[in-house]
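Please read the structure below before turning to the comments.
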Amino acid sequence: MLPFRPVRAVSAGRAFALALSAALTAALLLPAGTAHAADSRTVSGGRLDWGIKSSFQSYVTGPIAHGSWTLQGGAATVGGSAFRFHSAKGSYVPDSGDFEAGFSGGVRFTGHKKPDGSNELDLTISRPTVRISGGKGTLYADMVSKAKGSGRVTTASQVPLAALNLSGVNMRGGGTAVALANIPATLTAQGAQAFAGYYTAGTALDPVNLSADVRPGAADPSPSATPSGDAAEDKDKEHEKDAPKGEFTDAAVDWGVRRTFREYVTGPIAQGKWQLGDGAQDGGALFRFPKGKGSYDEDKGALDASFAGTLRFTGAHLDLSFRDVEVAVRDGKGTLSAGVSDGKSEHESVPLATFEAKSLKPKDGLIAIAEAPAKLTAEGAKAFGSMYQEGADMDPVSLSVALDAKAKLPPLPDLGHAPSATPKAADASSTPAAAASSSDSSDSSSSSAVPIAAGAGALVVLIAAGTAFTVVRKRRAAAAAGAGAEDGTPPAKD
C-alpha cells in the first residue's frame, strides 16, 4: 500500500502557472494544421483610408490637367485628402499574424480633356486589398488606366500596387479588431506600370490607415447578407407572401445629398454634424432611407415609393432637415422629394433632385438603379438656401426595390467599428508610427488608436479549462522606417 500523503493547498499564482503550462503544452501537442485552423478568424466590416498620392490629386484637379475625380461603389472622402473604402472581408490568424482584407469602392481620376471630349488621363483604382504575411505587406487593387502618350487602355485585377513598410509592427496577437495607422507605402514596379507611367517604382505614396472587425471562426467561403436563425425566420414570416401585383413593401433609396455639402457641414466653417432618425442609416458616403413601400407598373415604366427615416444637418447658421423621402419615376426620369425644414419653416414633398432611371426592368425579383447621376432642382436650390444653383451635380441616387419575398436588397457599406481610444500604458511612448493616431479629424467616429495586432508588442490570448489568460509581452523599441522621400515632382504634361 502506498503511503498516504496529505494534499497541499495550491496558491492562486501556482494554479495560474499550472493552467498556463497546460495550455501551452496542449497547443504544442496539437498538429500544426489543427492549431492554425482553430485560431483562424474572420474579418467582417471595416474601413481603409488612403489618399493614394496627395500630390497626384492636386495635379489632376490643378491648372495643368484641369481634371477631377469621382467616387464609385460607395467610397467616401475623409479628412483633407483621403478616400475611404469600406466593407472589409477577409481573414486573420493571430498566432502567425497573417492578415488579408479586401475593401469595396473605387475612385476614378480624369484630366487633360481632348477636343473630342475624351480624357488623356483616365485612371481608376478600386477594390483595394491588404495582405500581410511573414512581416511583409502589400496593397493590391483593380486598375483601369490609359497610358501616357499612346492612350492604350489597360485593365488589370488585383495589381500589387504598393509595398507596405511594417517595420516595428507585430501582427501577432488577438482581439476583436485589427487597426493599422500611418503605414508607409511605396509604388511597386507593377503598380508603376498600371499607374500609366506617371510615377516610377519606389515613389512614396500616401500612408495607409485601416481598421477591421475580427470575429471568431474561419471566414465564410460564400459571405452574404443572408440573415440566420431567428432573424431569418422573422424575415420569412414578414415576407412569406408576395405583395399584391403592382405593389411592394421592401425598398430602400441611398443618397449622400452632396459630398462637398457634407464636408462643409463638418468642416471649419460650419463646425457642425448630421443626425439620423426613424431608421435612416449612415453608409459613410451615403444615407439609406429604408422600409420603402409603393407601387410599380412595368408596362408604363412607372414607380412611386415612400421611405422611412430623417436626416438633419446642423452647424453655424445651419439647420436643414429632410423627412418623408419619396421617389417617383416616369419616362426614364426619377425625382427624389422630401419634406424640408430649415429651422424656421417647413415644406411638404419638395422635389430636391432628378436622376436617370432609364430601366426599371426587374432581375430575379429586384429592381436596382445603381449610382444614377443626379441634378439639383430649382426647388432644391431654394431648400439649400441658394448655396447651389439649379442643375448643380448632387450625389448619385441608388434605388432598390424587392418585388418578391426571395429578392434581397443590397447591403449598406460596412465601416466596422471605429478604432477604440488609446489605452493607458507605461510604455505608451514607445508606440511606433504604425500605432500613431489617425489623421482623420473630420470623422466623429474615429479616434486615436493602438492596433490590437500592431505595434512593437504583442497580445497573446490563451484558452485553458474554459478560462482566458492574457499575457502582455513587453514592448520592444522600434521605429517605422521611412518609405522613401517624396519626389515632389508632378507628372509632366505630354
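Following the order of the C-alpha cells, chains are lettered A, B, ..., residues in each are numbered from 1, and ligands are numbered from 1.
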
| said: Quick one: residues within 9 Å of A:Leu210, only C-alpha atoms, excluding same-chain residues fewer than 4 positions away - as a PyMOL selection string? | reply: chain A and resi 46-50+178-182

Given the selection you just returned, output its residues as a file containing C-alpha atoms, formatted as a PDB file, in the first residue's frame.
ATOM      1  CA  GLY A  46     -14.076  47.852 -41.625  1.00  0.00           C
ATOM      2  CA  ARG A  47     -12.610  50.791 -43.497  1.00  0.00           C
ATOM      3  CA  LEU A  48      -9.389  51.643 -45.340  1.00  0.00           C
ATOM      4  CA  ASP A  49      -8.445  55.330 -45.556  1.00  0.00           C
ATOM      5  CA  TRP A  50      -5.878  56.164 -48.214  1.00  0.00           C
ATOM      6  CA  VAL A 178      -7.120  44.981 -36.206  1.00  0.00           C
ATOM      7  CA  ALA A 179      -6.106  48.609 -36.708  1.00  0.00           C
ATOM      8  CA  LEU A 180      -3.075  49.975 -38.538  1.00  0.00           C
ATOM      9  CA  ALA A 181      -2.260  53.663 -38.783  1.00  0.00           C
ATOM     10  CA  ASN A 182       0.141  55.690 -40.914  1.00  0.00           C
TER      11      ASN A 182
END

### Message
Set the distance at 8 Å and use only C-alpha atoms: which residues neighbour A:Arg312 once local chain neighbours fewer than 3 positions away are removed? I'd like the list as a list of chain:residue names.
### Response
A:Trp274, A:Gln275, A:Leu276, A:Asp319, A:Leu320, A:Ser321, A:Phe322

Got time to write the residues from that selection, all heavy atoms, as a PDB file, in the first residue's frame?
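Wrote it out as again-v9.pdb, contents follow:
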ATOM      1  N   TRP A 274     -24.303  65.806 -38.631  1.00  0.00           N
ATOM      2  CA  TRP A 274     -25.614  65.362 -39.076  1.00  0.00           C
ATOM      3  C   TRP A 274     -26.135  64.298 -38.123  1.00  0.00           C
ATOM      4  O   TRP A 274     -25.380  63.606 -37.462  1.00  0.00           O
ATOM      5  CB  TRP A 274     -25.590  64.847 -40.518  1.00  0.00           C
ATOM      6  CG  TRP A 274     -24.654  63.709 -40.770  1.00  0.00           C
ATOM      7  CD1 TRP A 274     -24.798  62.408 -40.397  1.00  0.00           C
ATOM      8  CD2 TRP A 274     -23.422  63.778 -41.507  1.00  0.00           C
ATOM      9  NE1 TRP A 274     -23.743  61.656 -40.845  1.00  0.00           N
ATOM     10  CE2 TRP A 274     -22.892  62.470 -41.535  1.00  0.00           C
ATOM     11  CE3 TRP A 274     -22.741  64.811 -42.158  1.00  0.00           C
ATOM     12  CZ2 TRP A 274     -21.686  62.175 -42.182  1.00  0.00           C
ATOM     13  CZ3 TRP A 274     -21.556  64.509 -42.793  1.00  0.00           C
ATOM     14  CH2 TRP A 274     -21.036  63.211 -42.797  1.00  0.00           C
ATOM     15  N   GLN A 275     -27.442  64.197 -38.067  1.00  0.00           N
ATOM     16  CA  GLN A 275     -28.104  63.243 -37.194  1.00  0.00           C
ATOM     17  C   GLN A 275     -29.160  62.480 -37.983  1.00  0.00           C
ATOM     18  O   GLN A 275     -29.882  63.066 -38.785  1.00  0.00           O
ATOM     19  CB  GLN A 275     -28.776  63.958 -36.012  1.00  0.00           C
ATOM     20  CG  GLN A 275     -27.811  64.634 -35.058  1.00  0.00           C
ATOM     21  CD  GLN A 275     -28.532  65.463 -34.015  1.00  0.00           C
ATOM     22  OE1 GLN A 275     -29.202  66.441 -34.330  1.00  0.00           O
ATOM     23  NE2 GLN A 275     -28.411  65.060 -32.753  1.00  0.00           N
ATOM     24  N   LEU A 276     -29.221  61.174 -37.749  1.00  0.00           N
ATOM     25  CA  LEU A 276     -30.182  60.313 -38.423  1.00  0.00           C
ATOM     26  C   LEU A 276     -31.242  59.856 -37.434  1.00  0.00           C
ATOM     27  O   LEU A 276     -30.949  59.659 -36.249  1.00  0.00           O
ATOM     28  CB  LEU A 276     -29.483  59.102 -39.028  1.00  0.00           C
ATOM     29  CG  LEU A 276     -28.434  59.408 -40.100  1.00  0.00           C
ATOM     30  CD1 LEU A 276     -27.628  58.169 -40.422  1.00  0.00           C
ATOM     31  CD2 LEU A 276     -29.097  59.946 -41.350  1.00  0.00           C
ATOM     32  N   ASP A 319     -29.392  74.787 -40.235  1.00  0.00           N
ATOM     33  CA  ASP A 319     -30.304  73.798 -39.654  1.00  0.00           C
ATOM     34  C   ASP A 319     -31.222  73.340 -40.785  1.00  0.00           C
ATOM     35  O   ASP A 319     -32.202  74.012 -41.123  1.00  0.00           O
ATOM     36  CB  ASP A 319     -31.117  74.393 -38.506  1.00  0.00           C
ATOM     37  CG  ASP A 319     -31.887  73.324 -37.726  1.00  0.00           C
ATOM     38  OD1 ASP A 319     -32.030  72.200 -38.247  1.00  0.00           O
ATOM     39  OD2 ASP A 319     -32.336  73.614 -36.611  1.00  0.00           O
ATOM     40  N   LEU A 320     -30.885  72.196 -41.382  1.00  0.00           N
ATOM     41  CA  LEU A 320     -31.609  71.702 -42.543  1.00  0.00           C
ATOM     42  C   LEU A 320     -31.982  70.243 -42.327  1.00  0.00           C
ATOM     43  O   LEU A 320     -31.113  69.403 -42.058  1.00  0.00           O
ATOM     44  CB  LEU A 320     -30.753  71.845 -43.803  1.00  0.00           C
ATOM     45  CG  LEU A 320     -31.365  71.376 -45.120  1.00  0.00           C
ATOM     46  CD1 LEU A 320     -32.599  72.202 -45.466  1.00  0.00           C
ATOM     47  CD2 LEU A 320     -30.333  71.452 -46.244  1.00  0.00           C
ATOM     48  N   SER A 321     -33.281  69.943 -42.436  1.00  0.00           N
ATOM     49  CA  SER A 321     -33.764  68.588 -42.178  1.00  0.00           C
ATOM     50  C   SER A 321     -34.550  68.050 -43.361  1.00  0.00           C
ATOM     51  O   SER A 321     -35.269  68.806 -44.041  1.00  0.00           O
ATOM     52  CB  SER A 321     -34.664  68.555 -40.934  1.00  0.00           C
ATOM     53  OG  SER A 321     -33.966  68.974 -39.783  1.00  0.00           O
ATOM     54  N   PHE A 322     -34.400  66.735 -43.605  1.00  0.00           N
ATOM     55  CA  PHE A 322     -35.178  66.033 -44.614  1.00  0.00           C
ATOM     56  C   PHE A 322     -35.954  64.903 -43.940  1.00  0.00           C
ATOM     57  O   PHE A 322     -35.428  64.212 -43.077  1.00  0.00           O
ATOM     58  CB  PHE A 322     -34.269  65.446 -45.697  1.00  0.00           C
ATOM     59  CG  PHE A 322     -33.439  66.469 -46.415  1.00  0.00           C
ATOM     60  CD1 PHE A 322     -32.062  66.371 -46.442  1.00  0.00           C
ATOM     61  CD2 PHE A 322     -34.045  67.535 -47.071  1.00  0.00           C
ATOM     62  CE1 PHE A 322     -31.284  67.302 -47.105  1.00  0.00           C
ATOM     63  CE2 PHE A 322     -33.275  68.485 -47.731  1.00  0.00           C
ATOM     64  CZ  PHE A 322     -31.897  68.369 -47.756  1.00  0.00           C
TER      65      PHE A 322
END

Select from stretch 83-116 of chain A every residue with an atom at most 10 Å from any atom of stretch 38-42 of chain A, then for each give the shortest pair of atoms and their distance in Å to one decimal, using only C-alpha atoms, rows by chain and rising number, as JSON lines.
{"residue": "A:Lys89", "atom": "CA", "partner": "A:Thr42", "partner_atom": "CA", "distance": 7.7}
{"residue": "A:Gly90", "atom": "CA", "partner": "A:Thr42", "partner_atom": "CA", "distance": 6.1}
{"residue": "A:Ser91", "atom": "CA", "partner": "A:Thr42", "partner_atom": "CA", "distance": 4.6}
{"residue": "A:Tyr92", "atom": "CA", "partner": "A:Arg41", "partner_atom": "CA", "distance": 5.1}
{"residue": "A:Val93", "atom": "CA", "partner": "A:Ser40", "partner_atom": "CA", "distance": 4.6}
{"residue": "A:Pro94", "atom": "CA", "partner": "A:Asp39", "partner_atom": "CA", "distance": 6.7}
{"residue": "A:Asp95", "atom": "CA", "partner": "A:Asp39", "partner_atom": "CA", "distance": 7.2}
{"residue": "A:Ser96", "atom": "CA", "partner": "A:Asp39", "partner_atom": "CA", "distance": 9.5}
{"residue": "A:Asp98", "atom": "CA", "partner": "A:Ser40", "partner_atom": "CA", "distance": 9.3}
{"residue": "A:Phe99", "atom": "CA", "partner": "A:Arg41", "partner_atom": "CA", "distance": 9.5}
{"residue": "A:Glu100", "atom": "CA", "partner": "A:Thr42", "partner_atom": "CA", "distance": 9.7}
{"residue": "A:Ala101", "atom": "CA", "partner": "A:Thr42", "partner_atom": "CA", "distance": 9.6}

**Distance criterion (only C-alpha atoms): nearest to A:Gly315 out of A:Gln271, A:Thr61, A:Thr154, A:Thr260** =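 That would be A:Gln271, the residue with the smallest distance to A:Gly315.
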
Check: Using only C-alpha atoms, which residues sit within 10 Å of stretch 354-367 of chain A once same-chain residues fewer than 6 positions away are excluded, as a PyMOL selection string?
Finding: chain A and resi 251+296-303+327-337+373-377+380+391+394-410

| task | Pull the strand (DSSP E or B) assignments for stretch 24-268 of chain A out of DSSP run on the backbone, and list those residues as a PyMOL selection string. | result | chain A and resi 41-50+68-72+76-78+82-93+98-104+106-113+119-133+136-146+153-164+177-187+204-217+247-248+250-255

Problem set entry | Residue neighbourhood A:Leu166, 7 Å, only C-alpha atoms, exclusion window fewer than 3 positions, as a PyMOL selection string | chain A and resi 135-137+169+183+480

**Item:** For A:Lys114: contacts at 12 Å, only C-alpha atoms, fewer than 3 positions along chain excluded, given as a PyMOL selection string
**Value:** chain A and resi 65-67+110-111+117-122+151

Now that the selection is made, can you save its residues with N, CA, C and O atoms as a compact mmCIF listing (two decimals), in the first residue's frame?
# COMPACT_ATOMS: atom_id res chain seq x y z
N ALA A 65 -3.76 69.75 -65.54
CA ALA A 65 -4.65 68.68 -66.02
C ALA A 65 -6.10 69.13 -66.14
O ALA A 65 -6.86 68.56 -66.94
N HIS A 66 -6.48 70.13 -65.32
CA HIS A 66 -7.87 70.63 -65.35
C HIS A 66 -8.87 69.47 -65.25
O HIS A 66 -9.86 69.42 -65.96
N GLY A 67 -8.57 68.55 -64.35
CA GLY A 67 -9.41 67.36 -64.25
C GLY A 67 -10.19 67.28 -62.96
O GLY A 67 -10.40 68.27 -62.26
N THR A 110 -9.72 61.71 -63.86
CA THR A 110 -9.71 62.09 -65.28
C THR A 110 -9.14 63.49 -65.43
O THR A 110 -9.28 64.33 -64.54
N GLY A 111 -8.49 63.74 -66.57
CA GLY A 111 -7.92 65.05 -66.83
C GLY A 111 -7.35 65.14 -68.23
O GLY A 111 -7.36 64.17 -68.99
N GLY A 117 -13.60 65.26 -76.49
CA GLY A 117 -14.32 65.02 -75.25
C GLY A 117 -13.74 63.92 -74.39
O GLY A 117 -14.12 63.77 -73.23
N SER A 118 -12.81 63.13 -74.94
CA SER A 118 -12.17 62.08 -74.15
C SER A 118 -11.07 62.69 -73.28
O SER A 118 -10.69 63.85 -73.44
N ASN A 119 -10.56 61.89 -72.37
CA ASN A 119 -9.51 62.36 -71.46
C ASN A 119 -8.21 61.62 -71.71
O ASN A 119 -8.19 60.39 -71.82
N GLU A 120 -7.13 62.39 -71.80
CA GLU A 120 -5.82 61.76 -71.96
C GLU A 120 -5.44 61.04 -70.67
O GLU A 120 -4.84 59.95 -70.70
N LEU A 121 -5.80 61.61 -69.54
CA LEU A 121 -5.56 60.98 -68.24
C LEU A 121 -6.86 60.33 -67.78
O LEU A 121 -7.88 61.01 -67.64
N ASP A 122 -6.83 59.04 -67.57
CA ASP A 122 -8.03 58.32 -67.13
C ASP A 122 -7.56 57.10 -66.33
O ASP A 122 -7.06 56.13 -66.89
N GLY A 151 -2.18 56.24 -75.21
CA GLY A 151 -3.61 56.17 -74.95
C GLY A 151 -4.13 54.76 -74.83
O GLY A 151 -5.35 54.53 -74.76

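The shell of residues at most 6 Å from A:Tyr140, with only C-alpha atoms counted and near chain neighbours (fewer than 2 positions) removed, consists of Pro128, Thr129, Gln158, Val159, Pro160 and Leu161 of chain A.
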
Emit the selected residues as a short mmCIF file (atom, residue, chain, number, x, y, z; two decimals), in the first residue's frame, including C-alpha atoms.
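result19.cif, written as the output of this step:
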data_model
loop_
_atom_site.label_atom_id
_atom_site.label_comp_id
_atom_site.auth_asym_id
_atom_site.auth_seq_id
_atom_site.Cartn_x
_atom_site.Cartn_y
_atom_site.Cartn_z
CA PRO A 128 -8.08 47.64 -52.57
CA THR A 129 -6.89 44.55 -50.70
CA GLN A 158 -5.63 42.92 -58.08
CA VAL A 159 -2.37 44.52 -59.16
CA PRO A 160 0.30 44.60 -56.40
CA LEU A 161 0.16 48.39 -56.28
#

- [ ] Skip A:Asp282 itself and residues of its chain fewer than 2 positions away, then list as a PyMOL selection string all residues within 10 Å of it, counting only C-alpha atoms.
- [x] chain A and resi 254-256+274-276+279-280+284-289+311+412-415

Practice problem: Compare A:Val43, A:Val214, A:Ala392, A:Val153 by their minimum atom-to-atom distance to A:Val257, counting only C-alpha atoms, and give me the closest one. | Solution: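 Of A:Val43, A:Val214, A:Ala392, A:Val153, the one nearest A:Val257 is A:Ala392, counting only C-alpha atoms.
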
The residue from A:Ala252, A:Val208, A:Val107, A:Val144 with the smallest atom-to-atom distance to A:Lys293, counting only C-alpha atoms, is A:Ala252

Note to self: If DSSP is run on the backbone, what residues of stretch 60-292 of chain A are helix (DSSP H, G or I)? A reply as a count of residues only would be ideal.
What the structure shows: 26
